[in-house]
>>> print(open('my_file-v9.cif').read())   # mmCIF, C-alpha atoms
data_query
#
loop_
_atom_site.label_atom_id
_atom_site.label_comp_id
_atom_site.auth_asym_id
_atom_site.auth_seq_id
_atom_site.Cartn_x
_atom_site.Cartn_y
_atom_site.Cartn_z
CA MET A 879 14.99 -14.17 7.28
CA TYR A 880 18.48 -14.78 5.93
CA GLU A 881 21.19 -12.33 6.88
CA THR A 882 21.41 -9.11 4.94
CA ASN A 883 23.17 -5.76 5.10
CA TYR A 884 21.03 -2.66 5.37
CA HIS A 885 22.09 0.66 3.81
CA ARG A 886 20.19 3.91 3.81
CA ALA A 887 20.79 6.02 0.71
CA SER A 888 20.32 9.77 0.92
CA SER A 889 20.62 10.43 -2.82
CA ILE A 890 20.14 8.62 -6.12
CA ASP A 891 23.90 8.69 -6.71
CA GLU A 892 24.57 7.10 -3.35
CA ALA A 893 21.96 4.42 -4.00
CA LEU A 894 23.53 3.59 -7.38
CA LYS A 895 26.98 3.35 -5.79
CA LEU A 896 25.71 1.12 -3.00
CA MET A 897 24.03 -1.15 -5.51
CA GLY A 898 27.18 -1.24 -7.62
CA SER A 899 29.27 -2.40 -4.71
CA SER A 900 26.84 -5.03 -3.43
CA ALA A 901 26.98 -8.70 -4.36
CA GLU A 902 23.26 -9.32 -4.82
CA GLY A 903 21.65 -6.15 -3.65
CA LYS A 904 18.03 -5.11 -3.84
CA TYR A 905 16.43 -1.71 -3.56
CA LEU A 906 14.05 -1.36 -0.65
CA SER A 907 11.22 1.15 -0.82
CA GLY A 908 8.22 0.66 1.47
CA GLY A 909 9.13 -3.00 1.73
CA MET A 910 5.54 -4.20 1.84
CA THR A 911 6.31 -6.98 -0.63
CA LEU A 912 10.04 -7.41 -0.17
CA ILE A 913 10.20 -7.75 3.63
CA PRO A 914 7.36 -10.32 3.83
CA THR A 915 9.05 -12.21 0.97
CA MET A 916 12.34 -12.19 2.85
CA LYS A 917 10.58 -13.35 6.02
CA GLN A 918 9.40 -16.38 4.06
CA ARG A 919 12.97 -16.92 2.85
CA LEU A 920 11.77 -16.57 -0.72
CA ALA A 921 14.25 -13.74 -1.29
CA ALA A 922 17.74 -13.40 0.13
CA PRO A 923 19.40 -10.19 -1.05
CA SER A 924 22.93 -9.70 0.27
CA ASP A 925 22.24 -5.99 0.68
CA LEU A 926 19.18 -3.81 1.04
CA ILE A 927 19.46 -0.24 -0.22
CA ASP A 928 16.72 1.84 1.34
CA LEU A 929 15.33 4.48 -1.05
CA ARG A 930 12.72 5.88 1.31
CA HIS A 931 14.80 8.87 2.42
CA ILE A 932 15.85 10.21 -0.98
CA ALA A 933 14.47 13.72 -1.41
CA GLU A 934 14.58 13.56 -5.24
CA MET A 935 12.07 10.71 -5.20
CA LYS A 936 9.48 12.42 -3.02
CA GLY A 937 6.59 14.74 -3.67
CA ILE A 938 3.63 15.04 -5.99
CA ALA A 939 3.43 17.85 -8.55
CA VAL A 940 0.49 18.79 -10.73
CA ASP A 941 1.17 21.33 -13.48
CA GLY A 942 -1.95 21.95 -15.52
CA ARG A 943 -2.96 18.37 -16.30
CA THR A 944 0.54 16.95 -16.05
CA VAL A 945 0.86 14.84 -12.93
CA THR A 946 4.29 13.84 -11.62
CA ILE A 947 4.39 11.49 -8.67
CA GLY A 948 7.69 10.83 -6.93
CA ALA A 949 8.41 7.12 -6.81
CA ALA A 950 8.79 7.17 -3.02
CA SER A 951 5.26 8.55 -2.57
CA THR A 952 3.20 6.22 -0.41
CA HIS A 953 -0.19 4.88 -1.44
CA GLU A 954 -1.65 7.01 1.36
CA GLU A 955 -0.04 10.16 -0.06
CA VAL A 956 -1.48 9.45 -3.50
CA ALA A 957 -4.90 8.48 -2.10
CA THR A 958 -5.19 11.72 -0.14
CA SER A 959 -3.55 14.14 -2.59
CA ASP A 960 -6.08 16.91 -3.28
CA ARG A 961 -4.07 18.02 -6.31
CA VAL A 962 -4.20 14.58 -7.92
CA LYS A 963 -7.86 14.23 -6.94
CA ALA A 964 -8.65 17.45 -8.80
CA VAL A 965 -7.43 16.09 -12.15
CA CYS A 966 -7.45 12.28 -11.83
CA PRO A 967 -9.60 11.08 -8.92
CA ALA A 968 -9.51 7.51 -10.29
CA LEU A 969 -5.86 7.19 -9.31
CA CYS A 970 -6.58 8.35 -5.74
CA ALA A 971 -9.40 5.84 -5.49
CA LEU A 972 -7.12 3.08 -6.75
CA ALA A 973 -4.45 3.94 -4.18
CA SER A 974 -7.02 4.05 -1.39
CA HIS A 975 -7.93 0.40 -1.98
CA ILE A 976 -4.44 -1.12 -1.97
CA GLY A 977 -3.86 -3.52 0.91
CA ASP A 978 -4.88 -2.01 4.23
CA PRO A 979 -4.19 1.32 5.98
CA HIS A 980 -0.88 0.14 7.46
CA VAL A 981 0.39 -1.12 4.12
CA ARG A 982 -0.67 2.14 2.46
CA HIS A 983 1.41 4.11 4.96
CA MET A 984 4.57 2.29 3.85
CA GLY A 985 4.06 0.94 0.33
CA THR A 986 5.12 3.19 -2.54
CA VAL A 987 4.17 3.79 -6.16
CA GLY A 988 7.71 3.14 -7.35
CA GLY A 989 7.98 -0.10 -5.44
CA SER A 990 4.70 -1.40 -6.78
CA VAL A 991 5.50 -0.49 -10.37
CA ALA A 992 9.04 -1.93 -10.20
CA ASN A 993 7.76 -5.16 -8.68
CA ASN A 994 5.07 -5.62 -11.37
CA ASP A 995 3.07 -8.17 -9.41
CA PRO A 996 0.50 -9.55 -11.86
CA ALA A 997 -2.27 -8.79 -9.35
CA ALA A 998 -1.07 -5.32 -8.28
CA ASP A 999 -3.29 -2.31 -8.96
CA TYR A 1000 -0.86 0.38 -10.10
CA PRO A 1001 0.35 -1.34 -13.30
CA ALA A 1002 -3.19 -1.11 -14.72
CA ALA A 1003 -3.24 2.63 -14.06
CA ILE A 1004 0.23 3.21 -15.49
CA LEU A 1005 -0.69 1.39 -18.69
CA ALA A 1006 -4.15 2.90 -19.14
CA LEU A 1007 -2.89 6.41 -18.36
CA ASP A 1008 -0.08 5.97 -20.92
CA ALA A 1009 2.27 7.11 -18.17
CA MET A 1010 5.99 7.63 -18.47
CA VAL A 1011 8.21 5.79 -16.03
CA VAL A 1012 11.06 8.18 -15.22
CA THR A 1013 14.26 6.50 -14.05
CA ASP A 1014 17.72 7.68 -13.07
CA ARG A 1015 18.86 7.28 -16.68
CA ARG A 1016 15.91 7.49 -19.09
CA GLU A 1017 12.15 7.68 -19.55
CA ILE A 1018 10.29 4.46 -20.37
CA LYS A 1019 6.83 4.43 -21.92
CA ALA A 1020 4.28 2.39 -19.99
CA GLY A 1021 3.70 0.26 -23.06
CA ASP A 1022 7.35 -0.79 -23.08
CA PHE A 1023 7.76 -1.08 -19.34
CA PHE A 1024 5.83 -4.16 -18.19
CA THR A 1025 7.41 -7.18 -19.84
CA GLY A 1026 6.02 -10.19 -17.94
CA LEU A 1027 5.22 -11.58 -14.51
CA PHE A 1028 7.33 -9.58 -12.04
CA GLU A 1029 9.42 -8.50 -15.05
CA THR A 1030 10.01 -4.96 -16.28
CA ALA A 1031 12.23 -3.11 -18.73
CA LEU A 1032 14.39 -1.83 -15.85
CA SER A 1033 18.08 -2.67 -16.22
CA ASP A 1034 20.20 -3.90 -13.35
CA GLY A 1035 20.48 -1.19 -10.75
CA GLU A 1036 18.10 1.21 -12.52
CA ILE A 1037 15.91 3.24 -10.15
CA ILE A 1038 12.43 4.59 -10.82
CA ILE A 1039 12.39 8.22 -9.74
CA ALA A 1040 8.88 9.26 -10.75
CA ILE A 1041 5.75 8.44 -12.70
CA ARG A 1042 4.43 11.13 -15.05
CA PHE A 1043 1.19 11.28 -17.02
CA GLU A 1044 -1.31 13.61 -18.59
CA ALA A 1045 -4.59 13.41 -16.71
CA PRO A 1046 -7.31 11.98 -18.96
CA GLU A 1047 -10.73 13.51 -19.41
CA ARG A 1048 -12.35 10.58 -17.59
CA ALA A 1049 -11.05 7.52 -15.86
CA SER A 1050 -12.02 4.85 -13.39
CA TYR A 1051 -10.53 1.73 -11.87
CA GLN A 1052 -12.75 -1.10 -10.72
CA LYS A 1053 -11.43 -4.23 -9.13
CA PHE A 1054 -12.86 -7.50 -8.02
CA ALA A 1055 -10.72 -8.03 -4.94
CA ASN A 1056 -9.82 -11.40 -3.58
CA PRO A 1057 -11.82 -11.47 -0.35
CA ALA A 1058 -8.83 -12.61 1.72
CA SER A 1059 -5.80 -10.85 0.23
CA ARG A 1060 -7.58 -7.88 -1.41
CA TYR A 1061 -5.30 -8.29 -4.40
CA ALA A 1062 -7.12 -7.85 -7.68
CA MET A 1063 -8.59 -11.11 -8.98
CA THR A 1064 -9.37 -8.85 -11.90
CA GLY A 1065 -9.00 -5.10 -12.05
CA VAL A 1066 -9.79 -2.85 -15.01
CA PHE A 1067 -8.62 0.73 -15.47
CA VAL A 1068 -10.34 2.71 -18.21
CA ALA A 1069 -9.09 6.10 -19.36
CA ARG A 1070 -10.69 8.26 -22.05
CA ARG A 1071 -8.93 11.27 -23.53
CA ASP A 1072 -11.39 12.14 -26.24
CA ALA A 1073 -13.91 10.25 -28.30
CA GLY A 1074 -11.33 8.30 -30.26
CA ASP A 1075 -8.75 7.66 -27.57
CA VAL A 1076 -9.69 5.09 -24.96
CA ARG A 1077 -7.32 2.83 -23.09
CA VAL A 1078 -8.39 -0.22 -21.11
CA ALA A 1079 -5.79 -1.99 -18.99
CA VAL A 1080 -6.41 -5.21 -17.11
CA THR A 1081 -4.55 -6.48 -14.05
CA GLY A 1082 -4.93 -9.63 -11.98
CA ALA A 1083 -6.16 -11.66 -14.92
CA GLY A 1084 -3.45 -12.00 -17.55
CA SER A 1085 -1.15 -15.01 -17.46
CA ASN A 1086 1.65 -12.67 -18.56
CA GLY A 1087 0.74 -9.79 -16.26
CA VAL A 1088 -0.98 -6.51 -16.97
CA PHE A 1089 -2.25 -5.97 -20.53
CA ARG A 1090 -4.41 -3.70 -22.68
CA HIS A 1091 -7.53 -5.09 -24.30
CA ALA A 1092 -7.85 -3.96 -27.91
CA GLY A 1093 -11.44 -5.18 -28.31
CA LEU A 1094 -12.70 -3.22 -25.33
CA GLU A 1095 -10.73 -0.16 -26.39
CA SER A 1096 -12.16 -0.04 -29.89
CA ALA A 1097 -15.70 -0.74 -28.68
CA LEU A 1098 -15.46 2.08 -26.13
CA ALA A 1099 -13.75 4.44 -28.56
CA GLY A 1100 -16.76 4.04 -30.84
CA ASN A 1101 -19.38 4.17 -28.09
CA TRP A 1102 -18.40 5.36 -24.62
CA SER A 1103 -21.11 3.62 -22.62
CA PRO A 1104 -21.30 0.58 -20.35
CA ASP A 1105 -23.46 -1.19 -22.94
CA ALA A 1106 -20.65 -1.00 -25.51
CA VAL A 1107 -18.87 -3.72 -23.52
CA THR A 1108 -21.66 -6.26 -23.91
CA ASN A 1109 -20.76 -7.71 -27.30
CA VAL A 1110 -16.99 -7.62 -26.91
CA MET A 1111 -15.34 -11.04 -26.92
CA VAL A 1112 -12.76 -11.58 -24.18
CA ASP A 1113 -10.60 -14.59 -24.97
CA PRO A 1114 -9.87 -16.65 -21.85
CA SER A 1115 -6.96 -18.54 -23.40
CA ASP A 1116 -4.30 -16.09 -22.15
CA LEU A 1117 -5.84 -15.60 -18.73
CA LEU A 1118 -4.85 -17.00 -15.34
CA SER A 1119 -6.59 -20.01 -13.85
CA ASP A 1120 -6.02 -20.73 -10.19
CA LEU A 1121 -7.90 -21.78 -7.08
CA HIS A 1122 -9.49 -18.34 -6.88
CA ALA A 1123 -10.96 -18.19 -10.37
CA THR A 1124 -10.86 -20.01 -13.67
CA ALA A 1125 -9.83 -18.27 -16.88
CA PRO A 1126 -13.40 -18.08 -18.25
CA TYR A 1127 -14.55 -16.62 -14.92
CA ARG A 1128 -11.83 -13.96 -15.15
CA ALA A 1129 -12.79 -13.29 -18.78
CA ASN A 1130 -16.28 -12.49 -17.59
CA LEU A 1131 -14.94 -10.40 -14.71
CA ILE A 1132 -12.99 -8.28 -17.19
CA LYS A 1133 -16.21 -7.34 -18.93
CA VAL A 1134 -18.07 -6.73 -15.68
CA MET A 1135 -15.28 -4.56 -14.26
CA ALA A 1136 -14.94 -2.66 -17.57
CA ARG A 1137 -18.67 -1.99 -17.59
CA ARG A 1138 -18.57 -0.74 -13.99
CA ALA A 1139 -15.53 1.39 -14.71
CA VAL A 1140 -17.14 3.11 -17.68
CA ALA A 1141 -20.28 3.71 -15.63
CA ALA A 1142 -18.23 5.23 -12.81
CA ALA A 1143 -15.79 7.28 -14.89
CA MET B 227 25.13 -5.09 13.15
CA ALA B 228 22.86 -2.07 13.09
CA LYS B 229 23.03 0.65 15.70
CA ILE B 230 19.55 1.92 16.31
CA THR B 231 18.45 5.10 17.98
CA MET B 232 14.83 6.13 18.05
CA THR B 233 12.26 7.78 20.23
CA VAL B 234 9.85 5.28 21.72
CA ASN B 235 6.87 6.56 23.67
CA GLY B 236 8.63 9.87 24.12
CA ARG B 237 11.84 8.37 25.42
CA GLN B 238 15.12 8.30 23.49
CA VAL B 239 16.34 4.69 23.18
CA ALA B 240 19.39 3.08 21.61
CA GLY B 241 20.34 -0.50 20.86
CA THR B 242 22.22 -2.84 18.60
CA CYS B 243 20.71 -5.61 16.53
CA ASP B 244 21.22 -7.58 13.32
CA ASP B 245 20.45 -5.65 10.16
CA ARG B 246 17.72 -8.23 9.52
CA THR B 247 16.02 -7.74 12.90
CA LEU B 248 12.37 -6.80 12.52
CA LEU B 249 11.18 -3.71 14.31
CA VAL B 250 8.68 -5.74 16.34
CA HIS B 251 11.46 -7.94 17.68
CA PHE B 252 13.57 -4.90 18.53
CA ILE B 253 10.63 -3.43 20.44
CA ARG B 254 9.79 -6.65 22.26
CA GLU B 255 13.22 -8.11 22.91
CA ASN B 256 15.63 -5.17 23.05
CA LEU B 257 13.26 -2.71 24.67
CA GLY B 258 11.16 -5.22 26.63
CA LEU B 259 7.90 -3.67 25.44
CA THR B 260 5.89 -6.84 24.95
CA GLY B 261 2.51 -5.19 24.46
CA THR B 262 3.13 -5.23 20.70
CA HIS B 263 2.30 -8.76 19.54
CA VAL B 264 3.24 -11.09 16.71
CA GLY B 265 0.22 -13.08 15.55
CA CYS B 266 1.27 -14.35 12.14
CA ASP B 267 4.33 -14.64 9.96
CA THR B 268 2.71 -13.36 6.84
CA THR B 269 2.04 -9.63 7.37
CA GLN B 270 -1.69 -10.18 7.56
CA CYS B 271 -2.92 -10.08 11.16
CA GLY B 272 -2.14 -6.56 12.41
CA THR B 273 -1.42 -7.45 16.06
CA CYS B 274 1.98 -5.74 15.64
CA VAL B 275 0.59 -2.35 14.58
CA ILE B 276 2.38 0.64 16.10
CA LEU B 277 2.66 4.28 15.13
CA MET B 278 5.83 5.30 13.30
CA ASP B 279 6.17 9.07 12.87
CA GLY B 280 2.47 9.29 13.62
CA GLN B 281 1.21 6.71 11.13
CA SER B 282 0.07 3.15 11.74
CA VAL B 283 2.48 0.53 10.37
CA LYS B 284 3.05 -3.19 10.76
CA SER B 285 6.19 -3.48 12.88
CA CYS B 286 6.60 -7.10 11.74
CA SER B 287 7.24 -5.97 8.18
CA ILE B 288 9.72 -3.20 8.79
CA LEU B 289 13.35 -3.68 9.78
CA ALA B 290 14.47 -1.99 12.96
CA ALA B 291 17.15 -0.37 10.78
CA GLN B 292 14.47 1.17 8.56
CA ALA B 293 12.96 2.78 11.66
CA GLU B 294 16.26 4.29 12.78
CA GLY B 295 15.72 7.92 13.73
CA SER B 296 11.93 7.69 13.83
CA ALA B 297 9.42 8.38 16.57
CA ILE B 298 7.53 5.28 17.66
CA THR B 299 4.41 4.94 19.76
CA THR B 300 3.45 1.52 21.09
CA ILE B 301 0.44 0.46 23.12
CA GLU B 302 2.45 1.15 26.28
CA GLY B 303 2.75 4.81 25.28
CA LEU B 304 -0.96 5.62 25.05
CA ALA B 305 -2.03 5.97 28.67
CA GLN B 306 -0.91 9.23 30.26
CA GLN B 307 -0.36 9.65 34.00
CA GLY B 308 -2.28 6.49 34.78
CA GLU B 309 -5.28 7.60 32.69
CA LEU B 310 -6.30 5.27 29.89
CA HIS B 311 -6.28 6.77 26.38
CA PRO B 312 -9.88 7.37 25.24
CA VAL B 313 -9.58 4.46 22.78
CA GLN B 314 -8.42 2.12 25.57
CA ALA B 315 -11.23 3.38 27.81
CA ALA B 316 -13.77 2.72 25.04
CA PHE B 317 -12.46 -0.83 24.43
CA ASN B 318 -12.84 -1.41 28.16
CA ALA B 319 -16.33 0.10 28.36
CA HIS B 320 -17.63 -1.76 25.29
CA HIS B 321 -15.76 -4.99 25.96
CA GLY B 322 -13.98 -4.65 22.63
CA LEU B 323 -11.99 -7.83 23.13
CA GLN B 324 -12.37 -11.49 23.89
CA CYS B 325 -9.00 -13.23 24.31
CA GLY B 326 -7.21 -9.89 23.96
CA PHE B 327 -4.38 -11.00 21.72
CA CYS B 328 -5.27 -8.73 18.81
CA THR B 329 -6.18 -5.83 21.09
CA PRO B 330 -2.91 -3.84 21.03
CA GLY B 331 -3.00 -3.77 17.24
CA MET B 332 -6.71 -2.97 17.19
CA VAL B 333 -6.24 -0.07 19.61
CA MET B 334 -3.28 1.40 17.71
CA THR B 335 -5.22 1.02 14.45
CA ALA B 336 -8.18 2.79 16.02
CA VAL B 337 -5.99 5.67 17.20
CA ASP B 338 -4.66 6.12 13.66
CA MET B 339 -8.12 5.75 12.12
CA ILE B 340 -9.56 8.46 14.38
CA ARG B 341 -6.58 10.71 13.63
CA ARG B 342 -7.31 10.46 9.89
CA HIS B 343 -11.10 10.42 9.88
CA GLY B 344 -12.16 12.04 13.16
CA GLY B 345 -15.88 12.69 13.15
CA ASN B 346 -16.36 11.19 9.68
CA LEU B 347 -16.27 7.62 10.93
CA ASP B 348 -19.31 5.45 10.59
CA GLU B 349 -19.73 1.72 11.00
CA GLY B 350 -19.02 0.92 7.36
CA ARG B 351 -15.86 2.97 7.31
CA VAL B 352 -14.60 1.49 10.58
CA ARG B 353 -15.11 -2.02 9.23
CA ALA B 354 -13.31 -1.16 5.98
CA GLU B 355 -10.46 0.44 7.92
CA LEU B 356 -10.05 -2.75 9.98
CA GLU B 357 -9.05 -4.57 6.79
CA GLY B 358 -5.53 -5.13 8.10
CA ASN B 359 -6.44 -6.39 11.58
CA ILE B 360 -7.69 -9.87 12.31
CA CYS B 361 -9.53 -10.92 15.47
CA ARG B 362 -9.63 -14.70 15.54
CA CYS B 363 -12.22 -14.66 18.32
CA THR B 364 -14.23 -12.83 15.60
CA GLY B 365 -15.32 -10.25 18.14
CA TYR B 366 -15.56 -7.43 15.64
CA HIS B 367 -18.95 -6.07 16.72
CA ASN B 368 -17.73 -4.69 20.01
CA ILE B 369 -14.45 -3.51 18.51
CA VAL B 370 -16.41 -1.45 16.00
CA LYS B 371 -18.68 -0.10 18.76
CA ALA B 372 -15.65 0.82 20.88
CA ILE B 373 -13.96 2.67 18.02
CA LEU B 374 -17.11 4.64 17.20
CA ALA B 375 -17.55 5.51 20.88
CA ALA B 376 -13.91 6.59 21.16
CA ALA B 377 -14.20 8.73 18.02
CA ALA B 378 -17.28 10.42 19.48
CA ALA B 379 -15.62 10.93 22.86
CA MET B 380 -12.46 12.34 21.29
CA GLY B 381 -14.48 14.61 18.98
CA GLY B 382 -16.31 15.88 22.06
CA ALA B 383 -13.04 16.42 23.86
CA ARG B 384 -11.65 18.35 20.89
CA GLN B 385 -14.73 20.56 20.73
CA ALA B 386 -14.54 21.25 24.45
CA ALA B 387 -10.90 22.24 24.07
CA GLU B 388 -11.57 24.70 21.23
#
>>> encode(input="my_file-v9.cif", output="structure tokens")
Amino acid sequence: MYETNYHRASSIDEALKLMGSSAEGKYLSGGMTLIPTMKQRLAAPSDLIDLRHIAEMKGIAVDGRTVTIGAASTHEEVATSDRVKAVCPALCALASHIGDPHVRHMGTVGGSVANNDPAADYPAAILALDAMVVTDRREIKAGDFFTGLFETALSDGEIIIAIRFEAPERASYQKFANPASRYAMTGVFVARRDAGDVRVAVTGAGSNGVFRHAGLESALAGNWSPDAVTNVMVDPSDLLSDLHATAPYRANLIKVMARRAVAAA
Amino acid sequence: MAKITMTVNGRQVAGTCDDRTLLVHFIRENLGLTGTHVGCDTTQCGTCVILMDGQSVKSCSILAAQAEGSAITTIEGLAQQGELHPVQAAFNAHHGLQCGFCTPGMVMTAVDMIRRHGGNLDEGRVRAELEGNICRCTGYHNIVKAILAAAAAMGGARQAAE
């Protein structure tokens, strides 16, 4: 790892100041992507600003069906939150399958969403749940947030404080995990609010990152059943092809995962 | 340089290291506790697992500076007054190791797993929970047996204490 300077912020204001005075600083949350990346010398921030001890970014609140998850919440905290489970068990199940137990004890929602890895699980949930990404300076709709591979609408220095969404009537996330890394080779999150309002978000498959699939959404809005997926065309031309799976294979996986998700929701 | 103070195996320790020093290197080189191993450079193998504030974490993927102020338990901190921890005793009884390199991480993972799941562990769950720990001797069968035996023994001990 290249040299770096570590700072621990105790408030959002302090974190913003530290970032402002650093040459090429990076925010550090759980560090489950950033530290391994730095170990490989694929990232070399001059400064690390640790957000893990900021009280304003912690805690999970459920008010009626409005769920607000502090960005510094770990995957384990989301996976085991009884209050989230009561209104949106699909999100708990998603969190419980990220990485391994040790990664889930450190990795955070905010870190995952800000990183926008094209094979990460949370972006699919954020998009399908039509969540709001709350930052230190504004609220960003999920649909505007994810802008490309590892790219988001966050400005320089902007910090995600929380994720907020209205729990849907039904939801499920199904992923076909890479057997070695457990990252999603294709993951599909379906969320249904009422008969006409279905969102289907796909991660791990798009060559430009997470995306919604209009064909699946309209088919499921008209007929909420696993069979509704059968005749939907999934175009492989915008999908990833790599040593793990070809684009047509991922196109098929999208349908299979969508079918399983609807059956499980 | 980072000044680090933390509690390790119940003892207050202090040291100085680079800001970039990984927690596992601080534990091994500054504190001389070499039971915690480094088996890969890619955050995948789990031989470096320790408990930080009671939860299992990979000490190879956390900076020592991030762990400043925390309470750490390493494999050296499990046995009490010369008595093996029930998980260590079960690994011994069931021969839950071959070369032994992954064992410290496996044992710490098992301690955390039993803390979270207690009596609800079954073989499938143990295997799923071992996702982050690799045994390159591929000796998983006896590791799984040892963890299930330890969970049963510790459940029994808890019941006896109540």
>>> atom_distance(input="my_file-v9.cif", atom1="CA of Thr364 (chain B)", atom2="CA of Thr329 (chain B)")
12.0 Å
>>> interface_residues(input="my_file-v9.cif", of="chain A", to="chain B", cutoff="8 Å", atoms="all atoms listed in the file", output="list in words")
Met879, Tyr880, Glu881, Thr882, Asn883, Tyr884, Arg886, Gly909, Met910, Ile913, Pro914, Lys917, Gln918, Asp928, Gly977, Asp978, Pro979, His980, Val981, His983 and Met984 of chain A
>>> residues_around(input="my_file-v9.cif", residues="Ala316 (chain B)", least_positions_apart="6", cutoff="9 Å", atoms="all atoms listed in the file", output="list in words")
Gly322, Lys371, Ala372, Ile373, Leu374, Ala375, Ala376 and Ala379 of chain B
>>> write_last_selection(input="my_file-v9.cif", atoms="C-alpha atoms", output="PDB file, keeping the file's coordinate frame")
ATOM      1  CA  GLY B 322     -13.980  -4.650  22.630  1.00  0.00           C
ATOM      2  CA  LYS B 371     -18.680  -0.100  18.760  1.00  0.00           C
ATOM      3  CA  ALA B 372     -15.650   0.820  20.880  1.00  0.00           C
ATOM      4  CA  ILE B 373     -13.960   2.670  18.020  1.00  0.00           C
ATOM      5  CA  LEU B 374     -17.110   4.640  17.200  1.00  0.00           C
ATOM      6  CA  ALA B 375     -17.550   5.510  20.880  1.00  0.00           C
ATOM      7  CA  ALA B 376     -13.910   6.590  21.160  1.00  0.00           C
ATOM      8  CA  ALA B 379     -15.620  10.930  22.860  1.00  0.00           C
TER       9      ALA B 379
END
>>> closest_residue(input="my_file-v9.cif", among="A:Ile976, A:Leu1118, A:Met1111, A:Val1088", to="Gly1021 (chain A)", atoms="only C-alpha atoms")
A:Val1088
>>> closest_residue(input="my_file-v9.cif", among="B:Phe252, B:Arg362, B:Val313, B:Gly381", to="Gly344 (chain B)", atoms="all atoms listed in the file")
B:Gly381
>>> residues_around(input="my_file-v9.cif", residues="Gln314 (chain B)", least_positions_apart="6", cutoff="12 Å", atoms="all atoms listed in the file", output="PyMOL selection string")
chain B and resi 301-306+308+320-323+329-337+369+372-373+375-377+379-380
>>> residues_near_point(input="my_file-v9.cif", point="(19.6, 2.0, 0.5)", cutoff="6 Å", atoms="only C-alpha atoms", output="list in words")
His885, Arg886, Ala887, Ala893, Leu926, Ile927, Asp928 and Leu929 of chain A
>>> atom_distance(input="my_file-v9.cif", atom1="CA of Val1107 (chain A)", atom2="CA of Thr1124 (chain A)")
20.7 Å
>>> resolve_selection(input="my_file-v9.cif", expression="the PyMOL selection byres ((chain B and resi 230) around 6)", output="JSON, numbers by chain")
{"B": [229, 231, 240, 241, 242, 294]}
>>> build_atoms(input="my_file-v9.cif", residues="region 1064-1076 of chain A", atoms="N, CA and C atoms", output="PDB file, in the frame of the given file")
ATOM      1  N   THR A1064      -9.338  -9.535 -10.608  1.00  0.00           N
ATOM      2  CA  THR A1064      -9.370  -8.850 -11.900  1.00  0.00           C
ATOM      3  C   THR A1064      -9.607  -7.383 -11.611  1.00  0.00           C
ATOM      4  N   GLY A1065      -8.804  -6.535 -12.198  1.00  0.00           N
ATOM      5  CA  GLY A1065      -9.000  -5.100 -12.050  1.00  0.00           C
ATOM      6  C   GLY A1065      -8.898  -4.457 -13.426  1.00  0.00           C
ATOM      7  N   VAL A1066      -9.787  -3.504 -13.692  1.00  0.00           N
ATOM      8  CA  VAL A1066      -9.790  -2.850 -15.010  1.00  0.00           C
ATOM      9  C   VAL A1066      -9.727  -1.343 -14.825  1.00  0.00           C
ATOM     10  N   PHE A1067      -8.750  -0.732 -15.477  1.00  0.00           N
ATOM     11  CA  PHE A1067      -8.620   0.730 -15.470  1.00  0.00           C
ATOM     12  C   PHE A1067      -8.992   1.227 -16.853  1.00  0.00           C
ATOM     13  N   VAL A1068      -9.994   2.101 -16.920  1.00  0.00           N
ATOM     14  CA  VAL A1068     -10.340   2.710 -18.210  1.00  0.00           C
ATOM     15  C   VAL A1068      -9.967   4.184 -18.168  1.00  0.00           C
ATOM     16  N   ALA A1069      -9.425   4.682 -19.262  1.00  0.00           N
ATOM     17  CA  ALA A1069      -9.090   6.100 -19.360  1.00  0.00           C
ATOM     18  C   ALA A1069      -9.477   6.593 -20.743  1.00  0.00           C
ATOM     19  N   ARG A1070     -10.217   7.704 -20.776  1.00  0.00           N
ATOM     20  CA  ARG A1070     -10.690   8.260 -22.050  1.00  0.00           C
ATOM     21  C   ARG A1070     -10.137   9.670 -22.194  1.00  0.00           C
ATOM     22  N   ARG A1071      -9.459   9.919 -23.294  1.00  0.00           N
ATOM     23  CA  ARG A1071      -8.930  11.270 -23.530  1.00  0.00           C
ATOM     24  C   ARG A1071      -9.880  12.084 -24.387  1.00  0.00           C
ATOM     25  N   ASP A1072     -10.296  11.545 -25.494  1.00  0.00           N
ATOM     26  CA  ASP A1072     -11.390  12.140 -26.240  1.00  0.00           C
ATOM     27  C   ASP A1072     -12.088  10.993 -26.938  1.00  0.00           C
ATOM     28  N   ALA A1073     -13.054  11.294 -27.767  1.00  0.00           N
ATOM     29  CA  ALA A1073     -13.910  10.250 -28.300  1.00  0.00           C
ATOM     30  C   ALA A1073     -13.137   9.086 -28.912  1.00  0.00           C
ATOM     31  N   GLY A1074     -12.031   9.375 -29.566  1.00  0.00           N
ATOM     32  CA  GLY A1074     -11.330   8.300 -30.260  1.00  0.00           C
ATOM     33  C   GLY A1074     -10.214   7.638 -29.488  1.00  0.00           C
ATOM     34  N   ASP A1075      -9.947   8.108 -28.285  1.00  0.00           N
ATOM     35  CA  ASP A1075      -8.750   7.660 -27.570  1.00  0.00           C
ATOM     36  C   ASP A1075      -9.133   7.073 -26.210  1.00  0.00           C
ATOM     37  N   VAL A1076      -9.329   5.773 -26.199  1.00  0.00           N
ATOM     38  CA  VAL A1076      -9.690   5.090 -24.960  1.00  0.00           C
ATOM     39  C   VAL A1076      -8.686   3.980 -24.700  1.00  0.00           C
TER      40      VAL A1076
END
